[in-house]
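This is query.txt. It holds compact mmCIF, C-alpha atoms and all ligand atoms.
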```txt
# COMPACT_ATOMS: atom_id res chain seq x y z
CA MET B 1 12.61 -9.41 -15.21
CA ARG B 2 9.53 -8.21 -17.09
CA ILE B 3 7.58 -5.89 -14.81
CA LEU B 4 4.22 -4.11 -15.08
CA VAL B 5 3.73 -0.76 -13.32
CA THR B 6 0.28 0.83 -13.14
CA GLY B 7 -0.04 4.57 -12.55
CA ALA B 8 3.19 4.84 -14.52
CA ALA B 9 3.02 8.60 -15.12
CA GLY B 10 2.80 9.47 -11.44
CA PHE B 11 5.85 10.71 -9.59
CA VAL B 12 6.33 7.65 -7.38
CA ALA B 13 6.09 5.40 -10.44
CA TYR B 14 8.56 7.58 -12.35
CA HIS B 15 11.23 7.08 -9.68
CA LEU B 16 10.38 3.38 -9.28
CA ILE B 17 10.48 2.66 -13.02
CA HIS B 18 13.70 4.62 -13.40
CA SER B 19 15.37 2.48 -10.73
CA LEU B 20 14.09 -0.74 -12.35
CA LEU B 21 15.16 0.24 -15.86
CA LYS B 22 18.61 1.30 -14.64
CA GLU B 23 19.12 -2.26 -13.41
CA GLY B 24 18.18 -3.68 -16.81
CA HIS B 25 14.60 -4.79 -16.15
CA VAL B 26 11.99 -4.46 -18.88
CA VAL B 27 8.99 -2.39 -17.83
CA VAL B 28 5.51 -1.90 -19.27
CA GLY B 29 3.72 1.12 -17.82
CA VAL B 30 -0.01 1.82 -17.83
CA ASP B 31 -1.68 5.15 -17.04
CA ASN B 32 -4.87 6.95 -18.05
CA MET B 33 -3.09 10.34 -17.58
CA MET B 34 -5.79 11.57 -15.21
CA SER B 35 -3.25 12.91 -12.71
CA GLY B 36 0.10 11.73 -14.11
CA GLN B 37 2.49 13.89 -16.09
CA GLU B 38 3.22 13.32 -19.78
CA ARG B 39 6.84 14.39 -19.24
CA ASN B 40 7.48 11.44 -16.89
CA ILE B 41 6.61 9.03 -19.71
CA THR B 42 8.47 10.83 -22.49
CA ASP B 43 11.60 11.13 -20.31
CA LEU B 44 11.57 7.41 -19.46
CA LYS B 45 11.02 6.53 -23.13
CA SER B 46 13.87 8.68 -24.36
CA GLU B 47 16.33 7.54 -21.69
CA PHE B 48 15.51 3.80 -21.96
CA LYS B 49 14.34 3.32 -25.55
CA ASN B 50 13.91 -0.43 -25.86
CA GLN B 51 13.29 -1.32 -22.25
CA PHE B 52 10.15 0.70 -21.61
CA SER B 53 6.72 0.50 -23.26
CA PHE B 54 3.69 2.52 -22.35
CA ILE B 55 -0.04 1.91 -22.71
CA ARG B 56 -2.41 4.84 -22.26
CA ALA B 57 -5.41 3.13 -20.74
CA ASP B 58 -7.64 3.19 -17.69
CA ILE B 59 -7.14 0.05 -15.60
CA ASN B 60 -10.92 -0.04 -15.11
CA GLU B 61 -11.12 -0.94 -18.82
CA LEU B 62 -8.47 -3.69 -18.64
CA ALA B 63 -10.73 -6.69 -18.05
CA PRO B 64 -9.21 -9.94 -19.35
CA ALA B 65 -11.61 -10.09 -22.33
CA ALA B 66 -10.94 -6.44 -23.24
CA ILE B 67 -7.18 -7.04 -23.19
CA ALA B 68 -7.59 -10.06 -25.45
CA ALA B 69 -9.73 -8.06 -27.90
CA ASN B 70 -7.26 -5.17 -28.29
CA PRO B 71 -4.12 -6.06 -30.31
CA GLU B 72 -1.89 -3.42 -28.65
CA TRP B 73 -2.98 -4.37 -25.14
CA ALA B 74 -2.83 -8.09 -25.91
CA SER B 75 0.71 -7.93 -27.25
CA LEU B 76 1.98 -6.20 -24.11
CA LEU B 77 -0.33 -7.49 -21.38
CA SER B 78 -1.60 -10.99 -22.28
CA ALA B 79 -0.13 -13.93 -20.42
CA GLN B 80 1.60 -16.48 -22.64
CA THR B 81 1.69 -20.20 -22.11
CA ASN B 82 4.40 -22.83 -22.63
CA ALA B 83 7.46 -21.71 -24.59
CA ALA B 84 6.46 -18.05 -24.60
CA ALA B 85 5.82 -17.97 -20.83
CA ALA B 86 9.29 -16.52 -20.29
CA LYS B 87 7.83 -13.29 -21.62
CA ASN B 88 5.29 -13.08 -18.81
CA PHE B 89 5.42 -10.49 -16.06
CA GLU B 90 7.16 -11.61 -12.91
CA ARG B 91 6.22 -8.55 -10.91
CA VAL B 92 3.30 -6.10 -10.95
CA TYR B 93 3.57 -2.83 -9.03
CA HIS B 94 0.00 -1.60 -8.80
CA LEU B 95 0.18 2.13 -8.06
CA ALA B 96 -2.69 3.49 -10.19
CA CYS B 97 -5.14 5.85 -8.45
CA PRO B 98 -4.94 9.59 -7.80
CA ALA B 99 -3.79 10.10 -4.20
CA SER B 100 -4.39 13.83 -3.81
CA PRO B 101 -7.70 14.60 -2.02
CA PRO B 102 -8.88 17.38 -4.39
CA ILE B 103 -8.11 15.16 -7.41
CA TYR B 104 -9.60 11.88 -6.18
CA GLN B 105 -12.66 13.81 -4.95
CA LYS B 106 -13.41 15.24 -8.42
CA ASP B 107 -14.99 11.97 -9.54
CA MET B 108 -15.53 9.87 -6.45
CA LEU B 109 -17.18 6.98 -8.28
CA HIS B 110 -14.25 6.73 -10.64
CA THR B 111 -11.87 6.66 -7.64
CA LEU B 112 -13.86 3.88 -6.02
CA ASP B 113 -13.97 1.98 -9.33
CA THR B 114 -10.21 2.35 -9.76
CA CYS B 115 -9.57 0.89 -6.32
CA TYR B 116 -12.07 -1.92 -6.74
CA ILE B 117 -12.67 -2.75 -10.43
CA GLY B 118 -9.23 -1.61 -11.61
CA SER B 119 -7.51 -3.52 -8.83
CA ARG B 120 -9.61 -6.59 -9.57
CA HIS B 121 -8.34 -6.45 -13.15
CA MET B 122 -4.75 -6.15 -11.94
CA TYR B 123 -5.09 -9.11 -9.55
CA GLU B 124 -6.52 -11.16 -12.43
CA LEU B 125 -3.69 -10.10 -14.69
CA ALA B 126 -1.07 -10.96 -12.04
CA ALA B 127 -2.71 -14.34 -11.49
CA ALA B 128 -2.71 -15.11 -15.24
CA HIS B 129 1.00 -14.24 -15.43
CA LYS B 130 1.79 -16.02 -12.14
CA ALA B 131 3.37 -12.72 -11.13
CA ARG B 132 3.84 -11.33 -7.64
CA ILE B 133 1.83 -8.14 -7.14
CA LEU B 134 2.59 -5.24 -4.82
CA ILE B 135 -0.35 -2.95 -4.12
CA ALA B 136 0.00 0.70 -3.15
CA SER B 137 -2.26 0.97 -0.15
CA THR B 138 -2.28 3.99 2.09
CA SER B 139 -2.18 5.50 5.56
CA GLU B 140 -5.79 6.48 4.76
CA VAL B 141 -6.85 2.95 5.74
CA TYR B 142 -6.40 4.29 9.31
CA GLY B 143 -8.72 7.24 8.58
CA ASP B 144 -8.65 9.92 11.31
CA PRO B 145 -6.62 7.75 13.69
CA GLU B 146 -7.33 7.35 17.39
CA VAL B 147 -4.06 5.46 17.87
CA HIS B 148 -0.86 7.41 17.39
CA PRO B 149 1.55 6.61 15.81
CA GLN B 150 -0.23 4.03 13.66
CA PRO B 151 0.96 0.40 13.71
CA GLU B 152 -0.25 -2.02 11.01
CA SER B 153 -2.37 -3.81 13.65
CA TYR B 154 -4.55 -0.68 14.08
CA ARG B 155 -7.84 -1.20 12.22
CA GLY B 156 -8.59 2.43 11.66
CA ASN B 157 -11.28 5.06 12.09
CA VAL B 158 -12.69 5.67 8.62
CA ASN B 159 -15.90 7.55 7.81
CA THR B 160 -17.78 5.41 5.28
CA VAL B 161 -19.86 8.38 4.10
CA GLY B 162 -17.45 11.28 3.89
CA ILE B 163 -15.49 13.06 1.17
CA ARG B 164 -12.46 10.81 1.71
CA SER B 165 -14.39 7.54 1.81
CA CYS B 166 -14.17 6.79 -1.95
CA TYR B 167 -10.40 6.58 -1.55
CA ASP B 168 -10.18 5.23 2.00
CA GLU B 169 -12.80 2.53 1.62
CA GLY B 170 -11.64 1.81 -1.92
CA LYS B 171 -8.12 1.15 -0.70
CA ARG B 172 -9.41 -0.93 2.19
CA ALA B 173 -11.40 -3.05 -0.29
CA MET B 174 -8.29 -3.35 -2.46
CA GLU B 175 -6.41 -4.77 0.54
CA THR B 176 -9.29 -7.15 1.27
CA MET B 177 -9.26 -8.32 -2.33
CA GLY B 178 -5.51 -8.96 -2.11
CA PHE B 179 -6.08 -11.06 0.99
CA ILE B 180 -8.73 -13.09 -0.87
CA TYR B 181 -6.57 -13.62 -3.97
CA ALA B 182 -3.71 -14.78 -1.71
CA GLU B 183 -5.91 -17.06 0.40
CA GLN B 184 -8.09 -18.59 -2.27
CA ARG B 185 -6.11 -18.20 -5.50
CA GLY B 186 -2.56 -18.61 -4.22
CA LEU B 187 -1.47 -15.21 -5.56
CA GLU B 188 1.66 -13.66 -4.06
CA VAL B 189 0.58 -10.26 -2.73
CA ARG B 190 2.62 -7.58 -1.01
CA THR B 191 0.83 -4.65 0.63
CA ALA B 192 2.55 -1.30 1.16
CA ARG B 193 0.70 1.26 3.30
CA ILE B 194 2.22 4.44 1.96
CA PHE B 195 2.24 7.58 4.11
CA ASN B 196 2.68 11.14 2.77
CA THR B 197 5.44 11.13 0.18
CA TYR B 198 7.00 14.01 -1.72
CA GLY B 199 9.77 14.74 -4.17
CA PRO B 200 10.75 15.95 -7.63
CA ARG B 201 8.29 15.30 -10.48
CA MET B 202 5.18 15.71 -8.36
CA SER B 203 2.68 17.61 -10.40
CA PRO B 204 2.72 21.26 -9.29
CA ILE B 205 -1.08 21.36 -9.62
CA ASP B 206 -1.53 18.16 -7.66
CA GLY B 207 -3.15 20.09 -4.80
CA ARG B 208 -1.24 18.46 -1.98
CA VAL B 209 0.29 20.43 0.78
CA LEU B 210 3.97 20.49 -0.16
CA THR B 211 3.31 21.01 -3.86
CA ASN B 212 0.97 23.87 -3.00
CA PHE B 213 3.39 25.47 -0.53
CA ILE B 214 6.39 25.27 -2.87
CA SER B 215 4.43 26.46 -5.95
CA GLN B 216 2.92 29.33 -3.94
CA ALA B 217 6.27 30.33 -2.44
CA LEU B 218 8.02 30.29 -5.81
CA ALA B 219 5.23 32.47 -7.24
CA GLY B 220 5.63 34.92 -4.33
CA GLU B 221 2.13 34.16 -3.04
CA ALA B 222 0.89 33.58 0.50
CA LEU B 223 0.94 29.93 1.62
CA THR B 224 -2.52 28.44 2.19
CA VAL B 225 -2.79 26.69 5.54
CA PHE B 226 -6.06 24.85 6.09
CA GLY B 227 -7.63 25.17 9.56
CA ASP B 228 -5.27 26.31 12.30
CA GLY B 229 -2.43 24.24 10.82
CA GLN B 230 -2.11 22.15 13.98
CA GLN B 231 -2.88 18.88 12.12
CA THR B 232 0.25 16.78 11.64
CA ARG B 233 1.80 14.73 8.83
CA SER B 234 5.12 12.91 8.36
CA PHE B 235 6.78 13.39 4.98
CA CYS B 236 8.84 10.69 3.27
CA TYR B 237 11.20 11.46 0.39
CA VAL B 238 10.32 9.52 -2.75
CA GLU B 239 13.69 7.75 -3.08
CA ASP B 240 13.31 6.32 0.42
CA LEU B 241 9.81 5.16 -0.45
CA VAL B 242 10.91 3.50 -3.70
CA ARG B 243 13.66 1.61 -1.87
CA GLY B 244 11.03 0.41 0.61
CA LEU B 245 8.64 -0.67 -2.15
CA ARG B 246 11.34 -2.70 -3.87
CA LEU B 247 12.50 -4.32 -0.62
CA LEU B 248 8.92 -5.22 0.23
CA MET B 249 8.28 -6.66 -3.23
CA GLU B 250 11.29 -8.97 -2.96
CA SER B 251 10.58 -9.95 0.67
CA LYS B 252 8.54 -12.85 2.00
CA THR B 253 6.35 -10.47 4.00
CA THR B 254 2.68 -11.07 3.25
CA ASP B 255 1.29 -8.79 5.98
CA PRO B 256 0.77 -5.08 5.21
CA VAL B 257 3.79 -2.88 5.87
CA ASN B 258 3.78 0.85 6.68
CA LEU B 259 6.25 2.92 4.66
CA GLY B 260 6.68 6.50 5.77
CA SER B 261 8.71 8.97 7.72
CA GLN B 262 9.11 9.02 11.49
CA PHE B 263 9.45 12.79 11.57
CA GLU B 264 6.15 14.44 12.29
CA PHE B 265 5.41 18.13 11.86
CA THR B 266 2.35 20.32 12.11
CA ILE B 267 1.24 21.77 8.78
CA LEU B 268 1.93 25.25 10.15
CA GLU B 269 5.52 24.19 10.95
CA MET B 270 5.85 22.93 7.37
CA ALA B 271 4.58 26.24 6.01
CA GLU B 272 7.05 28.14 8.21
CA LYS B 273 9.91 25.93 7.00
CA VAL B 274 9.03 26.51 3.34
CA VAL B 275 8.77 30.26 3.95
CA HIS B 276 12.16 30.18 5.67
CA TRP B 277 13.77 28.13 2.87
CA ILE B 278 12.32 30.04 -0.08
CA ASN B 279 11.49 33.59 0.93
CA PRO B 280 11.18 34.79 4.55
CA LYS B 281 9.00 37.72 3.44
CA LEU B 282 6.09 35.48 2.46
CA THR B 283 2.94 35.37 4.55
CA ILE B 284 0.50 32.64 5.51
CA LYS B 285 -3.18 32.68 4.58
CA TYR B 286 -5.59 30.57 6.66
CA LEU B 287 -8.41 28.77 4.81
CA PRO B 288 -11.18 26.50 6.15
CA LEU B 289 -10.20 22.95 7.06
CA PRO B 290 -11.76 20.41 4.66
CA LYS B 291 -14.09 17.82 6.22
CA ASP B 292 -12.64 14.60 7.65
CA ASP B 293 -9.08 15.91 7.47
CA PRO B 294 -7.05 13.57 9.74
CA LYS B 295 -5.76 15.43 12.81
CA VAL B 296 -2.55 13.43 13.21
CA ARG B 297 -0.56 10.97 11.10
CA ARG B 298 2.71 9.18 11.67
CA PRO B 299 3.55 5.58 10.91
CA ASN B 300 4.92 3.09 13.35
CA THR B 301 7.60 1.63 11.08
CA SER B 302 8.97 -1.11 13.37
CA ARG B 303 7.69 -3.79 11.00
CA ALA B 304 9.46 -2.28 7.98
CA LYS B 305 12.65 -1.99 10.02
CA GLU B 306 12.47 -5.50 11.41
CA LEU B 307 11.36 -7.38 8.29
CA LEU B 308 12.91 -5.29 5.50
CA GLY B 309 15.73 -3.50 7.29
CA TRP B 310 14.15 -0.32 5.96
CA GLU B 311 14.41 3.17 7.39
CA THR B 312 14.26 6.59 5.80
CA LYS B 313 17.62 8.19 5.06
CA VAL B 314 16.86 11.53 3.43
CA SER B 315 16.25 14.47 5.77
CA LEU B 316 13.33 16.82 5.18
CA GLU B 317 15.69 19.69 4.48
CA GLU B 318 17.60 17.70 1.83
CA GLY B 319 14.46 16.26 0.23
CA VAL B 320 12.52 19.52 0.12
CA GLY B 321 15.67 21.21 -1.23
CA LYS B 322 15.67 18.77 -4.18
CA MET B 323 11.97 19.28 -4.72
CA ILE B 324 12.33 23.06 -4.73
CA ALA B 325 15.21 22.77 -7.24
CA SER B 326 13.12 20.55 -9.53
CA PHE B 327 10.12 22.93 -9.34
CA LYS B 328 12.43 25.81 -10.24
CA ASP B 329 13.75 23.82 -13.24
CA ASP B 330 10.17 23.13 -14.36
CA LEU B 331 9.33 26.83 -14.17
CA ALA B 332 12.49 27.74 -16.11
CA ARG B 333 11.67 25.16 -18.81
CA LYS B 334 8.16 26.52 -19.20
CA GLY B 335 9.70 29.98 -19.51
N1 LIG K 1 -3.21 21.39 3.48
C1 LIG K 1 -3.00 22.75 3.74
N2 LIG K 1 -2.85 23.58 2.67
C2 LIG K 1 -2.86 23.15 1.37
C3 LIG K 1 -3.05 21.77 1.11
C4 LIG K 1 -3.22 20.92 2.20
O1 LIG K 1 -2.98 23.18 4.90
O2 LIG K 1 -2.71 23.99 0.46
C5 LIG K 1 -3.34 20.47 4.64
C6 LIG K 1 -4.49 19.48 4.53
O3 LIG K 1 -5.66 20.06 5.09
C7 LIG K 1 -3.96 18.32 5.35
C8 LIG K 1 -2.46 18.35 5.14
O4 LIG K 1 -2.17 19.67 4.67
O5 LIG K 1 -4.21 18.53 6.74
C9 LIG K 1 -1.97 17.34 4.12
O6 LIG K 1 -2.77 17.47 2.97
P1 LIG K 1 -2.51 16.67 1.63
O7 LIG K 1 -3.59 17.08 0.68
O8 LIG K 1 -1.11 16.88 1.21
O9 LIG K 1 -2.67 15.14 1.98
P2 LIG K 1 -3.44 14.27 3.08
O10 LIG K 1 -2.39 13.84 4.01
O11 LIG K 1 -4.46 15.13 3.79
O12 LIG K 1 -4.08 13.18 2.31
```

For this file, produce the structure as structure tokens.
Amino acid sequence: MRILVTGAAGFVAYHLIHSLLKEGHVVVGVDNMMSGQERNITDLKSEFKNQFSFIRADINELAPAAIAANPEWASLLSAQTNAAAAKNFERVYHLACPASPPIYQKDMLHTLDTCYIGSRHMYELAAAHKARILIASTSEVYGDPEVHPQPESYRGNVNTVGIRSCYDEGKRAMETMGFIYAEQRGLEVRTARIFNTYGPRMSPIDGRVLTNFISQALAGEALTVFGDGQQTRSFCYVEDLVRGLRLLMESKTTDPVNLGSQFEFTILEMAEKVVHWINPKLTIKYLPLPKDDPKVRRPNTSRAKELLGWETKVSLEEGVGKMIASFKDDLARKG
């Protein structure tokens, strides 16, 4: 198949694209490199020379007329008709948008635009190609949840005017838009609500909790716990997530599906684990809790299990072990 992946330089996309290319699919990736890593693209290009093409562009700029007016974009992204239609995309994995709070909060309007305008462009592109589109939605559609764990039927508790709202409300609008394209334009849409995910090739300066803890521990610094560390998260290893995304894409499931880990820890427990695994002498430094930080988060994954036969397989210890090893390799490479 010919497949488009947006947010191609991010770590989830890297693992997804790698698995698609290994099976012989042809992939076009798009990224504006705002939070992705250059190395993810160069590694994919060198390992899969003729199967992978990359466009450095912001999806907010990829309106149909703009694609048509740009020869590079047109040759890789324009839908063909008749005899050439075999070259069209059959699948679009729409992952573009920074997911780390400090990064998506740097330019909140751009984040909102990416979720709304950028997604609109990707729905239009999928419709022109008659492709099925999978959108990367988020546990953030549940906001600071009052129902725990969160089933897909829970409608959420999101602050419309807070520091997370550009992302949370943006992603909610992206889901709404998918519903409209499916209802009124006949587009095939799959909606993954992705919970906290981690693994090799996350950017060490991404600002998220596990990347911070591992980078700090490897540098011999104190680990920064925000608030009292009693807030909880459930961490899913990226390979498990990618398997879930691919199963969802190829399923008939049109309702949103949670993808995430069942194992919930407090952030303080996570810090203590990282200290234990990397260097028991390290200390913990407490910093103020950012506003609107969800107090608890864990998916109810019965739907994913029932409809996709999906469950996580990789334990936290195994997954974090691989992430630590990859961060150590990165440090060694940088000298
Ligand atoms: N956090 C922390 N120290 C850090 C980074 C994050 O204690 O250096 C906390 C953050 O306040 C949140 C949790 O860890 O409660 C997860 O944060 P992350 O940014 O990874 O993602 P979120 O799930 O909040 O979107």

### Message
Can you pull out every residue with an atom within 10 Å of ligand LIG 1 (chain K)? Use all atoms listed in the file and format it as a PyMOL selection string.
### Response
chain B and resi 99-103+138-140+143+164+167+195-198+206-216+223-235+266-268+270-271+285-297

### Query
Which polymer residues have any atom within 10 Å of an atom of B:Gly156, counting all atoms listed in the file, with same-chain residues fewer than 2 positions away left out, as a PyMOL selection string?
chain B and resi 139-147+150-154+158-159

Could you build a table of the residues in stretch 118-219 of chain B lying no more than 9 Å from stretch 236-252 of chain B, giving for each the nearest pair of atoms and their separation in Å rounded to one decimal place, using only C-alpha atoms, ordered by chain and ascending residue number, as a Markdown table?
```
| residue | atom | partner | partner_atom | distance |
| --- | --- | --- | --- | --- |
| B:Arg132 | CA | B:Met249 | CA | 7.8 |
| B:Ile133 | CA | B:Met249 | CA | 7.7 |
| B:Leu134 | CA | B:Met249 | CA | 6.1 |
| B:Ala136 | CA | B:Leu245 | CA | 8.8 |
| B:Val189 | CA | B:Met249 | CA | 8.5 |
| B:Arg190 | CA | B:Met249 | CA | 6.1 |
| B:Thr191 | CA | B:Leu248 | CA | 8.1 |
| B:Ala192 | CA | B:Leu245 | CA | 7.0 |
| B:Ile194 | CA | B:Leu241 | CA | 8.0 |
| B:Phe195 | CA | B:Cys236 | CA | 7.3 |
| B:Asn196 | CA | B:Cys236 | CA | 6.2 |
| B:Thr197 | CA | B:Cys236 | CA | 4.6 |
| B:Tyr198 | CA | B:Tyr237 | CA | 5.3 |
| B:Gly199 | CA | B:Val238 | CA | 5.4 |
| B:Pro200 | CA | B:Val238 | CA | 8.1 |
```

### Message
Would you compute the distance between atom CA of B:Phe52 and atom CA of B:Asp113? Give it in Å to one decimal.
### Response
27.1 Å

### Message
Using Å and a single decimal, report how far atom CA of B:Ile163 sits from atom CA of B:Met323.
### Response
28.8 Å

### Summary
Taken to one decimal, the atom CA of B:Pro204-atom CA of B:Gly220 distance is 14.8 Å

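Near (5.7, 25.6, -11.4), the residues that fall inside 9 Å on the basis of only C-alpha atoms are Ser203, Pro204, Ile205, Ile214, Ser215, Gln216, Leu218, Ala219, Phe327, Lys328, Asp329, Asp330, Leu331, Ala332 and Lys334 of chain B.
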
### Message
Calculated over only C-alpha atoms, which of the candidates B:Val26, B:Met1, B:Leu125, B:Ala63 has the smallest distance to B:Gln80?
### Response
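Of B:Val26, B:Met1, B:Leu125, B:Ala63, the one nearest B:Gln80 is B:Leu125, counting only C-alpha atoms.
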
### Message
Which residues are close to B:Leu77, i.e. within 9 Å by all atoms listed in the file, leaving aside same-chain residues fewer than 2 positions away? Reply as a PyMOL selection string.
### Response
chain B and resi 4+28+67-68+72-75+79+88-89+125

I need the residues from that last selection saved to file as a compact mmCIF listing (two decimals), in the coordinates of the input (with C-alpha atoms), if you can.
```
# COMPACT_ATOMS: atom_id res chain seq x y z
CA LEU B 4 4.22 -4.11 -15.08
CA VAL B 28 5.51 -1.90 -19.27
CA ILE B 67 -7.18 -7.04 -23.19
CA ALA B 68 -7.59 -10.06 -25.45
CA GLU B 72 -1.89 -3.42 -28.65
CA TRP B 73 -2.98 -4.37 -25.14
CA ALA B 74 -2.83 -8.09 -25.91
CA SER B 75 0.71 -7.93 -27.25
CA ALA B 79 -0.13 -13.93 -20.42
CA ASN B 88 5.29 -13.08 -18.81
CA PHE B 89 5.42 -10.49 -16.06
CA LEU B 125 -3.69 -10.10 -14.69
```

### Query
Using all atoms listed in the file, which of the listed residues (B:Cys97, B:Met122, B:Val27, B:Ala128) sits closest to B:Cys166?
B:Cys97

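When only C-alpha atoms are used to compute distances to B:Lys281, the closest of the residues B:Val314, B:Leu308, B:Ala13, B:Ala222 turns out to be B:Ala222.
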